[in-house]
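The structure appears below as structure tokens.
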Amino acid sequence: MKNELDSKFLLRVFDKIRQFGDKTDEKYRLNGIVAFTDLDGYTLFVEDAQVKLQYGFHNQYHYDYPSQAAFDQFEKKLKEIDSRH
């Protein structure tokens, strides 16, 4: 399954999660989404209970999810964070 990622959207949502989320052990949580970076800050991780998104250098990204429904719910959560904050 191939999904196109809008990098500006993802970076905006990641920033909102960091601004408005609860921080625990270098991870930020907001509305069921967890966001964090690797040690050097070059790779972003955004995930919920079922979907994991890794976004890295040169706009390379990888999704890991069990079903299209899980992916759709994840995307819906990201859009809600973007629109509410």
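Quick note on naming: the chains in the structure tokens go A, B, ... in the order shown, residues restart at 1 in each chain, and ligands are numbered from 1 in order of appearance.
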
**Message:** as number ranges by chain, please: every residue in chain A that DSSP puts in strand (DSSP E or B).
**Reply:** A: 22-24, 27-30, 33-37, 44-47, 52-56, 60-64

**Gln19 (chain A) environment, 12 Å, only C-alpha atoms, sequence neighbours closer than 2 positions dropped, as a PyMOL selection string** = chain A and resi 12-17+21-23+27-30+35+81-82+85

Keeping N, CA, C and O atoms for every residue in the selection just given, could you write it to a file as a tab-separated table (two decimals), in the first residue's frame?
chain	number	residue	atom	x	y	z
A	12	ARG	N	4.07	20.28	10.43
A	12	ARG	CA	3.16	21.18	11.17
A	12	ARG	C	2.49	20.42	12.32
A	12	ARG	O	2.44	20.90	13.45
A	13	VAL	N	1.99	19.22	12.04
A	13	VAL	CA	1.34	18.41	13.07
A	13	VAL	C	2.35	18.00	14.14
A	13	VAL	O	2.05	18.07	15.33
A	14	PHE	N	3.54	17.61	13.73
A	14	PHE	CA	4.58	17.24	14.69
A	14	PHE	C	4.87	18.41	15.63
A	14	PHE	O	4.95	18.23	16.85
A	15	ASP	N	4.97	19.59	15.09
A	15	ASP	CA	5.22	20.78	15.91
A	15	ASP	C	4.07	21.05	16.87
A	15	ASP	O	4.29	21.39	18.04
A	16	LYS	N	2.85	20.87	16.43
A	16	LYS	CA	1.68	21.08	17.31
A	16	LYS	C	1.65	20.05	18.43
A	16	LYS	O	1.29	20.38	19.56
A	17	ILE	N	2.02	18.82	18.13
A	17	ILE	CA	2.06	17.80	19.17
A	17	ILE	C	3.11	18.18	20.21
A	17	ILE	O	2.88	18.06	21.41
A	21	GLY	N	1.21	18.93	23.44
A	21	GLY	CA	1.13	17.59	24.02
A	21	GLY	C	1.81	17.49	25.37
A	21	GLY	O	2.51	18.41	25.82
A	22	ASP	N	1.60	16.37	26.01
A	22	ASP	CA	2.24	16.06	27.29
A	22	ASP	C	3.56	15.36	27.00
A	22	ASP	O	3.60	14.39	26.23
A	23	LYS	N	4.63	15.83	27.64
A	23	LYS	CA	5.95	15.25	27.42
A	23	LYS	C	6.29	14.23	28.49
A	23	LYS	O	6.16	14.50	29.68
A	27	LYS	N	9.18	11.96	24.64
A	27	LYS	CA	8.08	11.70	23.72
A	27	LYS	C	6.92	12.61	24.08
A	27	LYS	O	6.68	12.88	25.24
A	28	TYR	N	6.23	13.08	23.07
A	28	TYR	CA	5.09	13.98	23.26
A	28	TYR	C	3.82	13.24	22.85
A	28	TYR	O	3.80	12.56	21.83
A	29	ARG	N	2.76	13.40	23.67
A	29	ARG	CA	1.49	12.72	23.40
A	29	ARG	C	0.36	13.74	23.32
A	29	ARG	O	0.23	14.59	24.19
A	30	LEU	N	-0.45	13.60	22.27
A	30	LEU	CA	-1.60	14.47	22.10
A	30	LEU	C	-2.67	13.72	21.31
A	30	LEU	O	-2.39	13.21	20.22
A	35	ALA	N	4.68	11.48	19.38
A	35	ALA	CA	5.66	12.04	18.44
A	35	ALA	C	7.00	12.19	19.16
A	35	ALA	O	7.05	12.65	20.29
A	81	ILE	N	-5.70	17.07	14.90
A	81	ILE	CA	-4.69	17.85	15.61
A	81	ILE	C	-4.36	19.12	14.82
A	81	ILE	O	-4.26	20.20	15.39
A	82	ASP	N	-4.21	18.99	13.53
A	82	ASP	CA	-3.87	20.14	12.70
A	82	ASP	C	-4.97	21.20	12.74
A	82	ASP	O	-4.69	22.39	12.82
A	85	HIS	N	-5.53	22.92	16.75
A	85	HIS	CA	-4.48	23.68	17.48
A	85	HIS	C	-3.82	24.69	16.59
A	85	HIS	O	-3.76	24.66	15.45

**Message:** What does the structure give for the distance between CA of Tyr63 (chain A) and CA of Val51 (chain A), in Å to one decimal?
**Reply:**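 Taking CA of Tyr63 (chain A) and CA of Val51 (chain A), their separation equals 7.1 Å.
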
**Request:** Could you pull out the residues in chain A that DSSP calls helix (DSSP H, G or I) from the backbone, as a PyMOL selection string?
**Result:** chain A and resi 7-20+57-59+68-84

**Item:** Long-range neighbours of Asp6 (chain A) as an NGL selection string, 12 Å cut-off, only C-alpha atoms, 6 positions minimum in chain
**Value:** :A and (12-13 or 55 or 59-61 or 75 or 78-79)

Those same residues - all heavy atoms - I'd like them written as a PDB file, in the first residue's frame.
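New file part_17.pdb:
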ATOM      1  N   ARG A  12       4.068  20.279  10.428  1.00  0.00           N
ATOM      2  CA  ARG A  12       3.164  21.178  11.172  1.00  0.00           C
ATOM      3  C   ARG A  12       2.487  20.417  12.315  1.00  0.00           C
ATOM      4  O   ARG A  12       2.436  20.901  13.451  1.00  0.00           O
ATOM      5  CB  ARG A  12       2.132  21.766  10.216  1.00  0.00           C
ATOM      6  CG  ARG A  12       1.269  22.841  10.805  1.00  0.00           C
ATOM      7  CD  ARG A  12       0.394  23.521   9.766  1.00  0.00           C
ATOM      8  NE  ARG A  12      -0.458  22.582   9.053  1.00  0.00           N
ATOM      9  CZ  ARG A  12      -0.399  22.355   7.740  1.00  0.00           C
ATOM     10  NH1 ARG A  12       0.485  22.972   6.984  1.00  0.00           N
ATOM     11  NH2 ARG A  12      -1.234  21.494   7.176  1.00  0.00           N
ATOM     12  N   VAL A  13       1.986  19.220  12.041  1.00  0.00           N
ATOM     13  CA  VAL A  13       1.336  18.410  13.071  1.00  0.00           C
ATOM     14  C   VAL A  13       2.350  18.005  14.140  1.00  0.00           C
ATOM     15  O   VAL A  13       2.051  18.065  15.328  1.00  0.00           O
ATOM     16  CB  VAL A  13       0.656  17.169  12.447  1.00  0.00           C
ATOM     17  CG1 VAL A  13       0.199  16.201  13.519  1.00  0.00           C
ATOM     18  CG2 VAL A  13      -0.517  17.592  11.583  1.00  0.00           C
ATOM     19  N   TYR A  55       9.720   9.350   9.495  1.00  0.00           N
ATOM     20  CA  TYR A  55       9.977  10.374   8.487  1.00  0.00           C
ATOM     21  C   TYR A  55      11.395  10.878   8.665  1.00  0.00           C
ATOM     22  O   TYR A  55      11.772  11.310   9.749  1.00  0.00           O
ATOM     23  CB  TYR A  55       8.970  11.523   8.647  1.00  0.00           C
ATOM     24  CG  TYR A  55       9.180  12.661   7.690  1.00  0.00           C
ATOM     25  CD1 TYR A  55       8.691  12.602   6.394  1.00  0.00           C
ATOM     26  CD2 TYR A  55       9.868  13.798   8.078  1.00  0.00           C
ATOM     27  CE1 TYR A  55       8.882  13.639   5.514  1.00  0.00           C
ATOM     28  CE2 TYR A  55      10.055  14.852   7.201  1.00  0.00           C
ATOM     29  CZ  TYR A  55       9.573  14.767   5.922  1.00  0.00           C
ATOM     30  OH  TYR A  55       9.766  15.793   5.047  1.00  0.00           O
ATOM     31  N   ASN A  59      13.159  13.790   2.985  1.00  0.00           N
ATOM     32  CA  ASN A  59      11.726  13.493   2.872  1.00  0.00           C
ATOM     33  C   ASN A  59      11.419  12.016   2.644  1.00  0.00           C
ATOM     34  O   ASN A  59      10.397  11.672   2.054  1.00  0.00           O
ATOM     35  CB  ASN A  59      11.070  14.327   1.772  1.00  0.00           C
ATOM     36  CG  ASN A  59      11.151  15.807   2.058  1.00  0.00           C
ATOM     37  OD1 ASN A  59      11.056  16.222   3.216  1.00  0.00           O
ATOM     38  ND2 ASN A  59      11.351  16.613   1.039  1.00  0.00           N
ATOM     39  N   GLN A  60      12.280  11.144   3.110  1.00  0.00           N
ATOM     40  CA  GLN A  60      12.004   9.719   3.016  1.00  0.00           C
ATOM     41  C   GLN A  60      11.117   9.319   4.187  1.00  0.00           C
ATOM     42  O   GLN A  60      11.314   9.786   5.300  1.00  0.00           O
ATOM     43  CB  GLN A  60      13.292   8.916   3.052  1.00  0.00           C
ATOM     44  CG  GLN A  60      14.155   9.146   1.842  1.00  0.00           C
ATOM     45  CD  GLN A  60      15.435   8.323   1.899  1.00  0.00           C
ATOM     46  OE1 GLN A  60      15.765   7.719   2.906  1.00  0.00           O
ATOM     47  NE2 GLN A  60      16.155   8.299   0.794  1.00  0.00           N
ATOM     48  N   TYR A  61      10.153   8.463   3.907  1.00  0.00           N
ATOM     49  CA  TYR A  61       9.241   8.047   4.970  1.00  0.00           C
ATOM     50  C   TYR A  61       8.808   6.600   4.786  1.00  0.00           C
ATOM     51  O   TYR A  61       8.906   6.041   3.702  1.00  0.00           O
ATOM     52  CB  TYR A  61       8.028   8.960   5.037  1.00  0.00           C
ATOM     53  CG  TYR A  61       7.170   8.955   3.790  1.00  0.00           C
ATOM     54  CD1 TYR A  61       6.099   8.094   3.683  1.00  0.00           C
ATOM     55  CD2 TYR A  61       7.431   9.822   2.741  1.00  0.00           C
ATOM     56  CE1 TYR A  61       5.301   8.083   2.545  1.00  0.00           C
ATOM     57  CE2 TYR A  61       6.651   9.818   1.603  1.00  0.00           C
ATOM     58  CZ  TYR A  61       5.590   8.954   1.512  1.00  0.00           C
ATOM     59  OH  TYR A  61       4.809   8.944   0.391  1.00  0.00           O
ATOM     60  N   GLU A  75      -4.686   8.892  10.065  1.00  0.00           N
ATOM     61  CA  GLU A  75      -4.710  10.119   9.263  1.00  0.00           C
ATOM     62  C   GLU A  75      -5.773  11.090   9.788  1.00  0.00           C
ATOM     63  O   GLU A  75      -5.553  12.297   9.844  1.00  0.00           O
ATOM     64  CB  GLU A  75      -4.958   9.773   7.798  1.00  0.00           C
ATOM     65  CG  GLU A  75      -4.682  10.908   6.863  1.00  0.00           C
ATOM     66  CD  GLU A  75      -4.722  10.447   5.421  1.00  0.00           C
ATOM     67  OE1 GLU A  75      -5.784   9.911   5.001  1.00  0.00           O
ATOM     68  OE2 GLU A  75      -3.717  10.615   4.728  1.00  0.00           O
ATOM     69  N   LEU A  78      -4.427  12.863  12.829  1.00  0.00           N
ATOM     70  CA  LEU A  78      -3.471  13.909  12.469  1.00  0.00           C
ATOM     71  C   LEU A  78      -4.194  15.155  11.959  1.00  0.00           C
ATOM     72  O   LEU A  78      -3.832  16.283  12.328  1.00  0.00           O
ATOM     73  CB  LEU A  78      -2.495  13.404  11.414  1.00  0.00           C
ATOM     74  CG  LEU A  78      -1.567  12.261  11.812  1.00  0.00           C
ATOM     75  CD1 LEU A  78      -0.602  11.949  10.671  1.00  0.00           C
ATOM     76  CD2 LEU A  78      -0.811  12.552  13.088  1.00  0.00           C
ATOM     77  N   LYS A  79      -5.216  14.964  11.154  1.00  0.00           N
ATOM     78  CA  LYS A  79      -5.976  16.103  10.630  1.00  0.00           C
ATOM     79  C   LYS A  79      -6.706  16.843  11.745  1.00  0.00           C
ATOM     80  O   LYS A  79      -6.801  18.069  11.723  1.00  0.00           O
ATOM     81  CB  LYS A  79      -6.958  15.642   9.552  1.00  0.00           C
ATOM     82  CG  LYS A  79      -6.253  15.240   8.270  1.00  0.00           C
ATOM     83  CD  LYS A  79      -7.222  14.720   7.234  1.00  0.00           C
ATOM     84  CE  LYS A  79      -6.483  14.315   5.974  1.00  0.00           C
ATOM     85  NZ  LYS A  79      -7.365  13.729   4.955  1.00  0.00           N
TER      86      LYS A  79
END

Show me, as a compact mmCIF listing (two decimals) with N, CA and C atoms, in the first residue's frame, the residues that have an atom within 8 Å of Gly32 (chain A) when counting only C-alpha atoms, minus same-chain residues fewer than 5 positions from it.
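The result, stored in result-v6.txt:
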# COMPACT_ATOMS: atom_id res chain seq x y z
N ASP A 48 0.46 5.90 16.58
CA ASP A 48 -0.61 5.63 17.55
C ASP A 48 -0.50 4.14 17.88
N ALA A 49 -1.55 3.57 18.43
CA ALA A 49 -1.48 2.17 18.86
C ALA A 49 -1.27 1.19 17.71
N LYS A 77 -6.80 11.35 12.88
CA LYS A 77 -6.28 11.94 14.13
C LYS A 77 -5.30 13.06 13.82

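A straight line drawn from CA of Thr37 (chain A) to CA of Ser67 (chain A) is 24.8 Å long.
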
**Message:** Let me make sure I understand: among A:Asn31, A:Leu44, A:Leu39, A:His62, which one has the smallest atom-to-atom distance to Leu11 (chain A) if we use only C-alpha atoms?
**Reply:**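 Of A:Asn31, A:Leu44, A:Leu39, A:His62, the one nearest Leu11 (chain A), counting only C-alpha atoms, is A:Leu44.
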
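The coordinates place CA of Gln73 (chain A) at 24.8 Å from CA of Asp38 (chain A).
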
**Message:** Env of Pro66 (chain A): 10 Å cut, atoms = only C-alpha atoms, seq-sep filter 3 positions within chain, self excluded. Answer as a PyMOL selection string.
**Reply:** chain A and resi 50-52+69-71

For the residues in the current selection, export all heavy atoms as an mmCIF file, in the first residue's frame.
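Writing done, so here's again14.cif:
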data_model
loop_
_atom_site.group_PDB
_atom_site.id
_atom_site.type_symbol
_atom_site.label_atom_id
_atom_site.label_comp_id
_atom_site.auth_asym_id
_atom_site.auth_seq_id
_atom_site.Cartn_x
_atom_site.Cartn_y
_atom_site.Cartn_z
ATOM 1 N N GLN A 50 -1.691 1.560 16.486
ATOM 2 C CA GLN A 50 -1.610 0.623 15.369
ATOM 3 C C GLN A 50 -0.699 1.057 14.229
ATOM 4 O O GLN A 50 -0.187 0.221 13.495
ATOM 5 C CB GLN A 50 -3.006 0.384 14.794
ATOM 6 C CG GLN A 50 -3.948 -0.284 15.757
ATOM 7 C CD GLN A 50 -5.242 -0.634 15.053
ATOM 8 O OE1 GLN A 50 -5.230 -1.274 13.998
ATOM 9 N NE2 GLN A 50 -6.352 -0.216 15.621
ATOM 10 N N VAL A 51 -0.530 2.346 14.062
ATOM 11 C CA VAL A 51 0.203 2.870 12.902
ATOM 12 C C VAL A 51 1.498 3.534 13.355
ATOM 13 O O VAL A 51 1.512 4.282 14.332
ATOM 14 C CB VAL A 51 -0.655 3.891 12.130
ATOM 15 C CG1 VAL A 51 0.111 4.459 10.946
ATOM 16 C CG2 VAL A 51 -1.957 3.258 11.671
ATOM 17 N N LYS A 52 2.563 3.246 12.621
ATOM 18 C CA LYS A 52 3.845 3.881 12.894
ATOM 19 C C LYS A 52 4.325 4.558 11.616
ATOM 20 O O LYS A 52 4.300 3.958 10.546
ATOM 21 C CB LYS A 52 4.874 2.861 13.356
ATOM 22 C CG LYS A 52 4.504 2.203 14.670
ATOM 23 C CD LYS A 52 5.568 1.262 15.151
ATOM 24 C CE LYS A 52 5.219 0.517 16.406
ATOM 25 N NZ LYS A 52 4.358 1.107 17.356
ATOM 26 N N ALA A 69 -7.977 0.572 7.239
ATOM 27 C CA ALA A 69 -8.834 1.223 8.233
ATOM 28 C C ALA A 69 -8.001 1.839 9.350
ATOM 29 O O ALA A 69 -8.278 2.961 9.798
ATOM 30 C CB ALA A 69 -9.832 0.222 8.812
ATOM 31 N N ALA A 70 -6.970 1.134 9.797
ATOM 32 C CA ALA A 70 -6.088 1.674 10.836
ATOM 33 C C ALA A 70 -5.360 2.908 10.326
ATOM 34 O O ALA A 70 -5.250 3.912 11.032
ATOM 35 C CB ALA A 70 -5.077 0.613 11.281
ATOM 36 N N PHE A 71 -4.897 2.854 9.082
ATOM 37 C CA PHE A 71 -4.233 4.008 8.484
ATOM 38 C C PHE A 71 -5.191 5.195 8.380
ATOM 39 O O PHE A 71 -4.822 6.328 8.697
ATOM 40 C CB PHE A 71 -3.678 3.663 7.095
ATOM 41 C CG PHE A 71 -3.123 4.858 6.390
ATOM 42 C CD1 PHE A 71 -1.847 5.317 6.684
ATOM 43 C CD2 PHE A 71 -3.876 5.542 5.452
ATOM 44 C CE1 PHE A 71 -1.337 6.438 6.052
ATOM 45 C CE2 PHE A 71 -3.378 6.663 4.815
ATOM 46 C CZ PHE A 71 -2.108 7.115 5.118
#
